[in-house]
Amino acid sequence: MMLRTALLSLVLALLGWASASWLTNDFQVWTAEGARRLAVVDRPVPAPAAMLAGPGLTEASLPEWLARPGQVTIVAFFYTRCTTVCTALGSGFQQLQQAIAASPDDGVRLLTISFDPAHDDAARLQQYALQWSADPRHWAVATVPDAGQLQRLLDAFQVVVITDGLGGYEHNAALLIVDERGRLVRIFDDTDGDAALAYARSMVRRGSAG
Amino acid sequence: MMSALLGAILLLVMVLPPIRLATEASMTAHMLVQYTSLLLAGGLLIDGLPARWLRAVQRWNELGIAGLVGSSLALAVLMVPRVLDLALTDMRVECLKLLALVLTGAALRLSWRRAGVVVQVFFLGNVLPMMVVVGTLYQDAATRVCNAYRLDDQQDLGLALVWAAAGVLTLWLLRLGMRRHDVASAA
């Protein structure tokens, strides 16, 4: 009797271990966000077809805009009404822009995409760009007006937007590094601007060297 | 038999799409209401199974050890934050989660009495500290552990998990005390 119990316990333990191991990518990640960040390193995600709109961007295709030889883009999602995380994001991008402007040949660009096109029209985005003195040579501010295209983009990059119960949104804000072929290859914390920029620059250097 | 029917109804209600989605709309309800209801449903469904089957199962469950080992592992896996996010987007994970909860409820019911105090202490000593640690982390974390849920929801759940652990411990101690009392007065 005891032997059978021990055997069944062992089988259940193995089952538990196997499911935990699958769930956590061999005990590396515990959250969906962690799994997302790990996954793009292994399998870069091409930007899906989507038309951008924003100051200086009329009918620009996102994959085409991103895929430019020798250029790496740091992408972040936001909405202009956001006063919490996105304020930090705005000032973070401002600092990144200063660093990029100081050595403009680095081939690093910035792109912030609003996931709230219903509210963030051309005028609002223009106002946002002015507020943070976004220089269109380094930092593009845009949205994807088509709801279907926007959703496919959010799904592909695993950007999860939920309502915050106060009329705004919460979202997994992060810095997304997109390579010269328009593929999402790496994700950094939104507070990790320095690391993101250093990584993006090293990608450009590696790209031009190879 | 009545309780098995109740368990079946509870299970059906909880997996009914509108109710399933409503409970999963909040992290707190997802883990507290849905998890608890399905564990309960699993425990109640046992009463509908033929005694012969149960005896056969119990031959593999001496002292309730297999059932409690399986239950504590299942609960540990189901408390990984990624499960909550994946269950919303991946139907396979959702089905496995629901099934694991019902089976865990059944296993707990089948094993608890057989286990005796020592094995029960071992089980509770595993599961309750885990709930407290997870609950404390959820309350203190400055970032969200689930992309689909809000930070305040996560903090509510954290607090509730700590209280739930304290509640289970209190109930268990009370029952232990009562049983001691019965034994003492019978002697």
# chains A, B, ... in the order shown; residues from 1 in each chain; ligands from 1
>>> interface_residues(of="chain A", to="chain B", cutoff="12 Å", atoms="only C-alpha atoms", output="count of residues only")
56
>>> select_by_dssp(residues="chain A", states="strand (DSSP E)", output="ChimeraX atom specification")
/A:45-46,51-54,57-61,72-78,108-114,139-143,161-163,169-171,174-178,183-189
>>> write_last_selection(atoms="N, CA and C atoms", output="short mmCIF file (atom, residue, chain, number, x, y, z; two decimals), in the first residue's frame")
data_model
loop_
_atom_site.label_atom_id
_atom_site.label_comp_id
_atom_site.auth_asym_id
_atom_site.auth_seq_id
_atom_site.Cartn_x
_atom_site.Cartn_y
_atom_site.Cartn_z
N VAL A 45 10.18 39.45 -32.97
CA VAL A 45 8.81 39.60 -33.49
C VAL A 45 8.77 40.69 -34.55
N PRO A 46 8.48 40.33 -35.82
CA PRO A 46 8.38 41.37 -36.85
C PRO A 46 7.19 42.28 -36.57
N MET A 51 -0.59 51.32 -40.29
CA MET A 51 -0.30 52.66 -40.78
C MET A 51 -0.18 53.63 -39.62
N LEU A 52 0.93 54.34 -39.56
CA LEU A 52 1.14 55.32 -38.50
C LEU A 52 0.56 56.67 -38.90
N ALA A 53 0.14 57.44 -37.92
CA ALA A 53 -0.23 58.83 -38.16
C ALA A 53 0.28 59.65 -37.00
N GLY A 54 0.78 60.83 -37.31
CA GLY A 54 1.30 61.68 -36.26
C GLY A 54 2.01 62.86 -36.89
N LEU A 57 4.27 62.44 -39.88
CA LEU A 57 4.14 61.05 -40.34
C LEU A 57 2.77 60.91 -40.98
N THR A 58 2.70 61.09 -42.28
CA THR A 58 1.40 60.90 -42.90
C THR A 58 1.42 59.59 -43.65
N GLU A 59 0.50 58.71 -43.27
CA GLU A 59 0.35 57.42 -43.95
C GLU A 59 1.67 56.67 -44.06
N ALA A 60 2.42 56.63 -42.97
CA ALA A 60 3.67 55.89 -42.99
C ALA A 60 3.40 54.47 -42.51
N SER A 61 3.94 53.49 -43.21
CA SER A 61 3.77 52.10 -42.78
C SER A 61 4.77 51.81 -41.68
N VAL A 72 18.40 51.59 -35.43
CA VAL A 72 17.71 50.83 -34.39
C VAL A 72 16.74 51.78 -33.70
N THR A 73 15.52 51.31 -33.43
CA THR A 73 14.51 52.18 -32.85
C THR A 73 14.12 51.71 -31.44
N ILE A 74 14.03 52.68 -30.53
CA ILE A 74 13.48 52.39 -29.20
C ILE A 74 12.02 52.81 -29.23
N VAL A 75 11.12 51.83 -29.07
CA VAL A 75 9.69 52.09 -29.19
C VAL A 75 9.04 51.99 -27.81
N ALA A 76 8.11 52.91 -27.52
CA ALA A 76 7.32 52.78 -26.29
C ALA A 76 5.87 53.10 -26.61
N PHE A 77 4.98 52.42 -25.91
CA PHE A 77 3.55 52.69 -26.08
C PHE A 77 3.08 53.58 -24.94
N PHE A 78 2.12 54.45 -25.23
CA PHE A 78 1.66 55.42 -24.22
C PHE A 78 0.30 55.95 -24.64
N VAL A 108 20.33 55.63 -33.69
CA VAL A 108 19.25 55.23 -32.80
C VAL A 108 18.12 56.24 -32.90
N ARG A 109 16.89 55.76 -33.08
CA ARG A 109 15.72 56.64 -33.16
C ARG A 109 14.72 56.28 -32.08
N LEU A 110 13.85 57.23 -31.79
CA LEU A 110 12.81 57.00 -30.79
C LEU A 110 11.44 57.06 -31.44
N LEU A 111 10.53 56.22 -30.98
CA LEU A 111 9.16 56.25 -31.48
C LEU A 111 8.21 55.96 -30.33
N THR A 112 7.32 56.90 -30.05
CA THR A 112 6.28 56.62 -29.06
C THR A 112 4.96 56.47 -29.81
N ILE A 113 4.24 55.40 -29.49
CA ILE A 113 2.99 55.09 -30.18
C ILE A 113 1.85 55.16 -29.17
N SER A 114 0.87 55.99 -29.45
CA SER A 114 -0.30 56.06 -28.57
C SER A 114 -1.26 54.92 -28.91
N TRP A 139 12.93 61.74 -32.68
CA TRP A 139 11.84 61.19 -31.89
C TRP A 139 10.52 61.43 -32.62
N ALA A 140 9.90 60.34 -33.05
CA ALA A 140 8.60 60.45 -33.71
C ALA A 140 7.49 60.09 -32.73
N VAL A 141 6.42 60.87 -32.78
CA VAL A 141 5.25 60.62 -31.93
C VAL A 141 4.11 60.25 -32.87
N ALA A 142 3.47 59.11 -32.62
CA ALA A 142 2.47 58.64 -33.58
C ALA A 142 1.38 57.84 -32.89
N THR A 143 0.39 57.49 -33.69
CA THR A 143 -0.61 56.52 -33.25
C THR A 143 -0.97 55.67 -34.45
N VAL A 161 -3.22 46.38 -22.60
CA VAL A 161 -3.79 47.65 -22.12
C VAL A 161 -5.09 47.33 -21.40
N ILE A 162 -5.20 47.76 -20.14
CA ILE A 162 -6.44 47.56 -19.39
C ILE A 162 -6.91 48.90 -18.84
N THR A 163 -8.20 49.00 -18.54
CA THR A 163 -8.69 50.27 -17.98
C THR A 163 -8.29 50.33 -16.51
N TYR A 169 -5.90 54.24 -18.44
CA TYR A 169 -5.44 52.88 -18.73
C TYR A 169 -4.24 52.51 -17.86
N GLU A 170 -4.07 51.21 -17.66
CA GLU A 170 -2.79 50.70 -17.18
C GLU A 170 -2.25 49.82 -18.28
N HIS A 171 -0.94 49.82 -18.46
CA HIS A 171 -0.36 49.00 -19.51
C HIS A 171 1.04 48.60 -19.11
N ALA A 174 7.12 49.63 -21.32
CA ALA A 174 8.48 49.11 -21.44
C ALA A 174 9.14 49.78 -22.63
N LEU A 175 10.45 49.62 -22.72
CA LEU A 175 11.19 50.14 -23.86
C LEU A 175 11.47 48.97 -24.80
N LEU A 176 10.93 49.04 -26.01
CA LEU A 176 11.05 47.94 -26.96
C LEU A 176 12.12 48.30 -27.98
N ILE A 177 13.10 47.43 -28.11
CA ILE A 177 14.18 47.68 -29.07
C ILE A 177 13.84 46.96 -30.38
N VAL A 178 13.76 47.75 -31.46
CA VAL A 178 13.42 47.19 -32.77
C VAL A 178 14.63 47.33 -33.68
N ARG A 183 12.22 44.27 -36.50
CA ARG A 183 11.79 43.20 -35.59
C ARG A 183 12.07 43.60 -34.15
N LEU A 184 11.09 43.30 -33.29
CA LEU A 184 11.26 43.53 -31.86
C LEU A 184 12.22 42.46 -31.33
N VAL A 185 13.37 42.91 -30.78
CA VAL A 185 14.40 41.94 -30.41
C VAL A 185 14.72 41.94 -28.93
N ARG A 186 14.30 43.00 -28.21
CA ARG A 186 14.69 43.06 -26.81
C ARG A 186 13.77 44.02 -26.08
N ILE A 187 13.49 43.76 -24.81
CA ILE A 187 12.60 44.63 -24.04
C ILE A 187 13.27 45.03 -22.73
N PHE A 188 13.27 46.33 -22.46
CA PHE A 188 13.84 46.84 -21.21
C PHE A 188 12.74 47.48 -20.37
N ASP A 189 12.99 47.58 -19.05
CA ASP A 189 12.09 48.33 -18.17
C ASP A 189 12.01 49.77 -18.63
#
>>> residues_around(residues="region 23-32 of chain B", least_positions_apart="5", cutoff="8 Å", atoms="only C-alpha atoms", output="PyMOL selection string")
chain B and resi 84+88+149+153-154+156-157+160
>>> write_last_selection(atoms="N, CA and C atoms", output="compact mmCIF listing (two decimals), in the first residue's frame")
# COMPACT_ATOMS: atom_id res chain seq x y z
N LEU B 84 -2.24 33.18 -14.13
CA LEU B 84 -3.43 34.04 -14.21
C LEU B 84 -3.50 34.75 -15.56
N LEU B 88 -6.09 33.69 -19.25
CA LEU B 88 -6.98 34.62 -19.94
C LEU B 88 -6.78 34.57 -21.45
N TYR B 149 -4.01 42.63 -14.91
CA TYR B 149 -4.67 43.13 -13.71
C TYR B 149 -4.01 44.39 -13.16
N ASP B 153 -5.70 45.97 -7.48
CA ASP B 153 -6.31 44.64 -7.43
C ASP B 153 -5.31 43.64 -6.85
N GLN B 154 -4.07 43.73 -7.34
CA GLN B 154 -3.00 42.84 -6.87
C GLN B 154 -2.75 43.03 -5.37
N ASP B 156 -4.95 44.16 -3.15
CA ASP B 156 -6.11 43.59 -2.45
C ASP B 156 -5.95 42.08 -2.31
N LEU B 157 -5.57 41.44 -3.43
CA LEU B 157 -5.41 40.00 -3.40
C LEU B 157 -4.32 39.60 -2.41
N ALA B 160 -5.72 39.69 0.99
CA ALA B 160 -6.70 38.62 1.15
C ALA B 160 -6.01 37.26 1.32
>>> closest_residue(among="A:Arg152, A:Arg137, A:Arg81, A:Arg43", to="Gln97 (chain A)", atoms="only C-alpha atoms")
A:Arg137
>>> residues_around(residues="region 135-139 of chain B", least_positions_apart="5", cutoff="6 Å", atoms="only C-alpha atoms", output="list in words")
Gln154, Gln155, Gly158, Leu159, Leu161 and Val162 of chain B
>>> write_last_selection(atoms="N, CA and C atoms", output="CSV table (one decimal), in the first residue's frame")
chain,number,residue,atom,x,y,z
B,154,GLN,N,-4.1,43.7,-7.3
B,154,GLN,CA,-3.0,42.8,-6.9
B,154,GLN,C,-2.7,43.0,-5.4
B,155,GLN,N,-2.8,44.3,-4.9
B,155,GLN,CA,-2.6,44.5,-3.5
B,155,GLN,C,-3.7,44.0,-2.6
B,158,GLY,N,-3.2,40.3,-2.4
B,158,GLY,CA,-2.1,40.0,-1.5
B,158,GLY,C,-2.6,40.0,0.0
B,159,LEU,N,-3.4,41.1,0.3
B,159,LEU,CA,-3.9,41.2,1.7
B,159,LEU,C,-4.8,40.0,2.0
B,161,LEU,N,-4.9,37.1,0.6
B,161,LEU,CA,-4.2,35.8,0.7
B,161,LEU,C,-3.6,35.6,2.1
B,162,VAL,N,-3.1,36.6,2.7
B,162,VAL,CA,-2.5,36.5,4.0
B,162,VAL,C,-3.7,36.2,5.0
>>> select_by_dssp(residues="region 3-210 of chain A", states="alpha helix (DSSP H)", output="VMD selection string")
chain A and resid 3 to 23 32 to 42 62 to 66 85 to 102 122 to 131 147 to 156 193 to 209
>>> closest_residue(among="A:Leu89, A:Ala101, A:Val204, A:Ala118", to="Asp135 (chain A)", atoms="only C-alpha atoms")
A:Ala101
>>> atom_distance(atom1="CA of Ser37 (chain B)", atom2="CA of Ile9 (chain B)")
10.9 Å
>>> residues_around(residues="Pro69 (chain A)", least_positions_apart="3", cutoff="10 Å", atoms="only C-alpha atoms", output="list in words")
Leu66, Val72, Gly107, Asp179, Glu180, Arg181, Gly182, Val204, Gly207 and Ser208 of chain A
>>> atom_distance(atom1="CA of Glu64 (chain A)", atom2="CA of Gln149 (chain A)")
14.8 Å
>>> atom_distance(atom1="CA of Leu101 (chain B)", atom2="CA of Leu38 (chain B)")
5.8 Å
